[in-house]
Amino acid sequence: MAREARPARRLLPDQRAELVLGALVCAVLLFVLLIVVFVFKEAWPSFSHNGLSWFADDGNVDAQVQAIFTAEANRAEPVYTFHAWPIIWGTVLITGGAVVLSFIAALFVAVFVVEFAPDWVRAILEPVVRLLASVPSVIFGLVGVLVVVPFIGEHVITDEQRRSVSYIVSLSGYSLLAGVLILSVMIAPLMVAVFSDGLRAVPRGWLEGSLGLGINRWRTFWKIGVRTARPALVAGTVLATARALGEAVMLAMVTGGVAFAPNPADGLIFFVEPTRPLAATILQTSEELTAPAMRHTIFAMAAVLLFSALMLSLVGWAVKQPMKKYGVRA
Amino acid sequence: MSAAAPPAAPVPPPTEPAQRRSARDSSASWRLSDRIGLAFAWTLGIGFLIVTAAIVLYMMVQGLRFIRPALFVTSPAAGFSESETGGFLDPLLGTIVVAAMAMAIAFPLGLAIAVWLSEYGRPSALARATESTVEMLAGTPSIVFALFGTLLFEQGALALFSRTNDGVVYGRSFFAAAAMLSLVALPLVVANVREGLQAIPGHVREASYAVGKTKLTTTRRVLLPAARPSVVTGAMLGVGRIIGDTAIIVLLLGATLRFNPAGDVPLLSELRGTGSTLTSFVYANAPTGEANQPTKAYAAGFVLLSMVLLLNVAVDVAARRGRRWR
C-alpha cells in the first residue's frame with residue numbers, strides 16, 4: 001500500500017498543464033512588476049535630488065538637459081537639477097485638448113453609427129473606424145509634418161504674430177494646435193469603438209419605452225441611450241487618454257522640438273506656440289541615455305508617464321465595477 | 001434581455017421598431033435643439049469619413065507618385081539627394097523580421113495566458129491580478145517599455161543578445177526590440193483569444209468532458225479550433241500594432257537604417273545587430289528626421305499603410321467567419 005502511494009502523487013497531465021500555464025502567468029506578472037519597480041528605482045535619484053521642485057516651473061528644460069549632459073561628459077560633479085513643468089504643462093495641454101475635442105466628436109459619431117446612420121453609411125463607417133484606429137502613428141506624423149504644419153505656418157500664423165513673440169520663441173507651424181488636431185484624429189476612433197459598443201448594449205426596451213411615450217428619436221437616444229452608456233463613455237475616454245499620454249513619435253514630429261510652455265495669457269498665439277510633451281521629450285533625449293545622471297532624469301519622466309498610466313487603468317477598473325453589476329460589458 | 005421585454009413587445013426583431021417610418025419620424029416636427037443635435041451627428045459622422053478618406057487617399061496618391069520598384073530592392077544609403085539615398089529593402093525586411101520575432105514571443109504567451117484565464121483561473125485572486133495587469137500593459141506607453149528595454153538589455157547577463165564593445169553591452173538589437181514589442185502585442189492577443197474562448201457555450205465543454213476528455217485535450221482539440229477566428233484576429237491585431245510601433249524601434253533597434261550585424265555567425269549576427277523598420281525609416285526620412293528625404297518617407301509610408309490595410313481586411317474576414325456560436 002505504502003509503495004503504491006508514492007507514484008500516485010505524480011501529477012496527471014492535466015494538472016501539469018494547469019501548473020505550467022499558471023507558472024507562465026506568474027512569470028509574466030513578475031516581469032511586469034519588475035518593469036514598474038525598475039523604472040521607479042532608476043528614476044529615484046532624479047526625484048530625490050530635486051524633491052518636489054522636479055515638478056516646478058523654473059528655467060529652461062532644454063538648458064537643464066544640456067547642463068546635465070555636459071557635466072557628465074566633462075566628468076564633473078553630476079548635475080541633477082531638472083524642473084519639468086513646461087513639458088508636463090505641454091503634456092496636459094495636448095492630451096487634454098485632444099481628449100476633449102475627440103470626445104465630443106466621437107460621441108456624436110458613435111450615436112450616428114449606432115442609431116441614425118442609414119445602413120449603407122454604417123457599412124462604410126464601421127470598417128473605416130477600425131482602419132483609422134490601426135494606422136501607425138508615424139504616418140499621422142508624416143501627414144502632420146508635410147500638410148498640417150506648413151498649413152498652420154503659412155495660413156494661420158500672421159507675420160505680426162510672429163514678430164510679436166520673436167524674442168521668446170519662433171512660430172513656424174510646429175505647434176500645440178497641430179499636435180492637438182492630429183492627436184484627436186488618432187484617438188477618436190478608439191473612443192468611437194468603445195462608445196458604440198456601449199451604446200449598442202443599451203437594452204432596446206428602454207428606448208422603445210421612451211419612443212412609445214411619443215418622444216422623438218434624437219431625444220430618446222440622447223437622454224436614455226447616452227446616459228445608460230455613461231460607464232462606456234468613461235471607459236473609452238480612459239483608454240484614449242492613455243494612448244494620448246503615451247504618444248511620442250507623432251508629437252515629437254509635429255509639436256516642435258522646444259520645451260516651451262505655451263502661455264494662455266498670450267491670447268490667440270497660445271494655440272500656435274510650440275511645445276513638447278513628456279513622451280516626445282523622452283524620445284528626443286534618448287540618445288543621451290549613456291550618461292547616468294541623464295538616464296535617471298529620463299527615467300523620471302518615464303516614471304511620471306507610467307504613474308499616470310497606472311492611475312488611468314485604476315480609474316478604468318473602478319468605472320467598470322458598477323457595469324459588471326448590471327451585466328453590461330464594455 | 002429577455003426579462004426586459006414585457007409581453008406588450010411584439011415578436012419581430014427589436015432592431016426594426018415599428019415607428020421607424022412614421023410621420024413623427026421626420027425631424028421637421030422636432031424641437032430646434034434636437035434638430036441641431038441630429039444635424040451635428042450627421043455632420044460629424046460624414047466628416048469623420050471624409051477625414052479618414054483624405055488621410056488614406058493622400059498617403060496613397062503621394063505613395064504611388066514616389067514609389068519605384070527599385071526602392072524595394074536597394075538598401076538605404078547615406079546621401080544628400082533622392083537618387084543617392086537608396087531604397088527601403090532593409091527596413092522592409094526588418095519590419096517582417098521584427099514582427100515575426102515579436103509574435104513568436106507574444107502569441108504563445110498570450111494564448112497561454114488567455115487559456116489559463118478562461119479555462120483554469122483558479123486562485124481567483126491571481127486571475128484578477130492577471131486581468132488587471134494585462135489591462136495595465138495595454139495602457140502603458142510603449143516608450144516606457146522601450147526605456148526599460150534599454151535598461152534590461154544593457155545587463156551583462158544578456159550580452160549575448162546585442163553588440164558588446166570592451167565589456168560594455170550596447171543593448172540595441174532585433175532581439176531587444178522584439179522582446180519589448182511582444183509586450184505591446186500581448187494584451188491584444190490575450191483579450192481576443194479570451195473573448196473567443198468565453199463565447200463558446202458551456203455545453204460544448206461539457207460534451208467533451210462527457211466523452212472522457214481532459215480539460216487539456218478539450219482546450220486543444222475543441223475549444224481552440226472553435227475559437228480560431230478570434231485567435232487569428234488577436235494575432236493580426238498584434239502584428240498590426242507591432243509593425244506600427246515606432247518608439248520602441250527608435251530606442252531599441254538603433255538609428256542605423258541598414259542592417260548592421262554584430263559578430264560573425266551568419267543569421268544570429270544580424271539579429272544581434274541593429275537595423276531599421278519601415279516606421280523608423282519613415283521617422284528618419286520625414287522632414288524632422290535625420291535623413292530628411294520626404295519622397296522616400298511617402299513611398300515607405302505607402303507600403304506600411306498597405307500592410308496595415310491588408311491586415312485590416314484579413315481581420316474582417318476572420319471576424320466574419322467567427323459568428324458560429326451565436
# chains A, B, ... in the order shown; residues from 1 in each chain; ligands from 1

$ interface_residues --of "chain A" --to "chain B" --cutoff "6 Å" --atoms "only C-alpha atoms" --output "PyMOL selection string"
chain A and resi 14+25+108-109+112+136+242+246+302+309+313

$ residues_around --residues "Ile88 (chain A)" --least-positions-apart "2" --cutoff "8 Å" --atoms "only C-alpha atoms" --output "ChimeraX atom specification"
/A:55,84-86,90-92,277-278

$ write_last_selection --atoms "C-alpha atoms" --output "CSV table (one decimal), in the first residue's frame"
chain,number,residue,atom,x,y,z
A,55,PHE,CA,7.5,69.3,-11.0
A,84,ALA,CA,9.8,69.6,-15.7
A,85,TRP,CA,6.8,71.9,-15.5
A,86,PRO,CA,7.0,73.2,-19.1
A,90,GLY,CA,2.6,70.7,-22.6
A,91,THR,CA,1.5,67.1,-22.0
A,92,VAL,CA,-1.6,68.3,-20.1
A,277,PRO,CA,5.1,66.7,-24.1
A,278,LEU,CA,6.8,64.2,-21.8

$ residues_around --residues "Trp89 (chain A)" --least-positions-apart "5" --cutoff "12 Å" --atoms "only C-alpha atoms" --output "ChimeraX atom specification"
/A:55-57,83-84,94-97,176,259-264,275-278

$ write_last_selection --atoms "C-alpha atoms" --output "CSV table (one decimal), in the first residue's frame"
chain,number,residue,atom,x,y,z
A,55,PHE,CA,7.5,69.3,-11.0
A,56,ALA,CA,8.1,73.1,-10.6
A,57,ASP,CA,8.4,75.7,-13.3
A,83,HIS,CA,12.3,71.3,-13.4
A,84,ALA,CA,9.8,69.6,-15.7
A,94,ILE,CA,-2.1,68.4,-25.7
A,95,THR,CA,-3.7,65.4,-24.0
A,96,GLY,CA,-6.5,67.5,-22.5
A,97,GLY,CA,-7.2,69.3,-25.7
A,176,LEU,CA,0.2,72.9,-29.9
A,259,ALA,CA,10.4,72.5,-24.3
A,260,PHE,CA,8.3,75.7,-24.3
A,261,ALA,CA,5.3,76.1,-22.1
A,262,PRO,CA,2.5,77.8,-24.1
A,263,ASN,CA,1.0,80.6,-22.1
A,264,PRO,CA,-2.7,81.1,-22.3
A,275,THR,CA,5.7,72.8,-27.1
A,276,ARG,CA,6.9,69.3,-26.3
A,277,PRO,CA,5.1,66.7,-24.1
A,278,LEU,CA,6.8,64.2,-21.8

$ closest_residue --among "B:Asn192, B:Lys296, B:Ala78, B:Val73" --to "Leu92 (chain B)" --atoms "only C-alpha atoms"
B:Val73

$ select_by_dssp --residues "region 222-321 of chain A" --states "alpha helix (DSSP H)" --output "VMD selection string"
chain A and resid 226 to 228 230 to 246 249 to 254 278 to 285 292 to 321

$ write_last_selection --atoms "C-alpha atoms" --output "PDB file, in the first residue's frame"
ATOM      1  CA  VAL A 226     -26.228  58.003 -23.972  1.00  0.00           C
ATOM      2  CA  ARG A 227     -26.969  58.217 -20.251  1.00  0.00           C
ATOM      3  CA  THR A 228     -27.199  54.467 -19.877  1.00  0.00           C
ATOM      4  CA  ARG A 230     -22.139  56.531 -19.422  1.00  0.00           C
ATOM      5  CA  PRO A 231     -19.708  53.944 -17.993  1.00  0.00           C
ATOM      6  CA  ALA A 232     -18.685  53.017 -21.534  1.00  0.00           C
ATOM      7  CA  LEU A 233     -18.103  56.687 -22.251  1.00  0.00           C
ATOM      8  CA  VAL A 234     -15.743  56.898 -19.290  1.00  0.00           C
ATOM      9  CA  ALA A 235     -14.013  53.633 -20.213  1.00  0.00           C
ATOM     10  CA  GLY A 236     -13.428  54.766 -23.784  1.00  0.00           C
ATOM     11  CA  THR A 237     -12.159  58.137 -22.635  1.00  0.00           C
ATOM     12  CA  VAL A 238      -9.726  56.497 -20.223  1.00  0.00           C
ATOM     13  CA  LEU A 239      -8.422  54.231 -22.971  1.00  0.00           C
ATOM     14  CA  ALA A 240      -7.968  57.122 -25.367  1.00  0.00           C
ATOM     15  CA  THR A 241      -6.321  59.277 -22.708  1.00  0.00           C
ATOM     16  CA  ALA A 242      -3.788  56.539 -22.027  1.00  0.00           C
ATOM     17  CA  ARG A 243      -2.989  56.371 -25.725  1.00  0.00           C
ATOM     18  CA  ALA A 244      -2.698  60.149 -25.976  1.00  0.00           C
ATOM     19  CA  LEU A 245      -0.382  60.347 -22.963  1.00  0.00           C
ATOM     20  CA  GLY A 246       1.955  57.759 -24.394  1.00  0.00           C
ATOM     21  CA  VAL A 249       6.550  59.780 -32.190  1.00  0.00           C
ATOM     22  CA  MET A 250       3.796  61.789 -33.835  1.00  0.00           C
ATOM     23  CA  LEU A 251       4.035  64.558 -31.246  1.00  0.00           C
ATOM     24  CA  ALA A 252       7.806  64.703 -31.475  1.00  0.00           C
ATOM     25  CA  MET A 253       7.323  65.291 -35.178  1.00  0.00           C
ATOM     26  CA  VAL A 254       4.645  67.981 -35.196  1.00  0.00           C
ATOM     27  CA  LEU A 278       6.817  64.200 -21.815  1.00  0.00           C
ATOM     28  CA  ALA A 279       6.829  61.177 -24.114  1.00  0.00           C
ATOM     29  CA  ALA A 280       8.263  63.155 -27.029  1.00  0.00           C
ATOM     30  CA  THR A 281      10.936  64.590 -24.741  1.00  0.00           C
ATOM     31  CA  ILE A 282      11.966  61.081 -23.753  1.00  0.00           C
ATOM     32  CA  LEU A 283      12.197  60.094 -27.405  1.00  0.00           C
ATOM     33  CA  GLN A 284      14.275  63.114 -28.361  1.00  0.00           C
ATOM     34  CA  THR A 285      16.684  62.911 -25.439  1.00  0.00           C
ATOM     35  CA  PRO A 292      23.945  58.104 -15.735  1.00  0.00           C
ATOM     36  CA  ALA A 293      22.508  61.377 -14.437  1.00  0.00           C
ATOM     37  CA  MET A 294      20.714  61.903 -17.736  1.00  0.00           C
ATOM     38  CA  ARG A 295      19.416  58.366 -17.610  1.00  0.00           C
ATOM     39  CA  HIS A 296      17.932  58.951 -14.170  1.00  0.00           C
ATOM     40  CA  THR A 297      16.281  62.119 -15.443  1.00  0.00           C
ATOM     41  CA  ILE A 298      14.820  60.377 -18.483  1.00  0.00           C
ATOM     42  CA  PHE A 299      13.566  57.512 -16.351  1.00  0.00           C
ATOM     43  CA  ALA A 300      11.995  60.059 -14.013  1.00  0.00           C
ATOM     44  CA  MET A 301       9.967  61.344 -16.957  1.00  0.00           C
ATOM     45  CA  ALA A 302       9.032  57.770 -17.837  1.00  0.00           C
ATOM     46  CA  ALA A 303       8.050  57.155 -14.215  1.00  0.00           C
ATOM     47  CA  VAL A 304       5.656  60.102 -14.331  1.00  0.00           C
ATOM     48  CA  LEU A 305       4.125  58.676 -17.516  1.00  0.00           C
ATOM     49  CA  LEU A 306       3.912  55.184 -16.051  1.00  0.00           C
ATOM     50  CA  PHE A 307       2.330  56.501 -12.873  1.00  0.00           C
ATOM     51  CA  SER A 308      -0.296  58.380 -14.893  1.00  0.00           C
ATOM     52  CA  ALA A 309      -0.986  55.247 -16.930  1.00  0.00           C
ATOM     53  CA  LEU A 310      -1.372  53.198 -13.731  1.00  0.00           C
ATOM     54  CA  MET A 311      -3.778  55.756 -12.302  1.00  0.00           C
ATOM     55  CA  LEU A 312      -5.742  55.752 -15.545  1.00  0.00           C
ATOM     56  CA  SER A 313      -6.142  51.990 -15.578  1.00  0.00           C
ATOM     57  CA  LEU A 314      -7.221  52.207 -11.937  1.00  0.00           C
ATOM     58  CA  VAL A 315      -9.918  54.679 -12.970  1.00  0.00           C
ATOM     59  CA  GLY A 316     -10.910  52.402 -15.839  1.00  0.00           C
ATOM     60  CA  TRP A 317     -11.145  49.456 -13.457  1.00  0.00           C
ATOM     61  CA  ALA A 318     -13.188  51.415 -10.915  1.00  0.00           C
ATOM     62  CA  VAL A 319     -15.607  52.555 -13.600  1.00  0.00           C
ATOM     63  CA  LYS A 320     -16.193  49.022 -14.799  1.00  0.00           C
ATOM     64  CA  GLN A 321     -17.319  47.785 -11.397  1.00  0.00           C
TER      65      GLN A 321
END
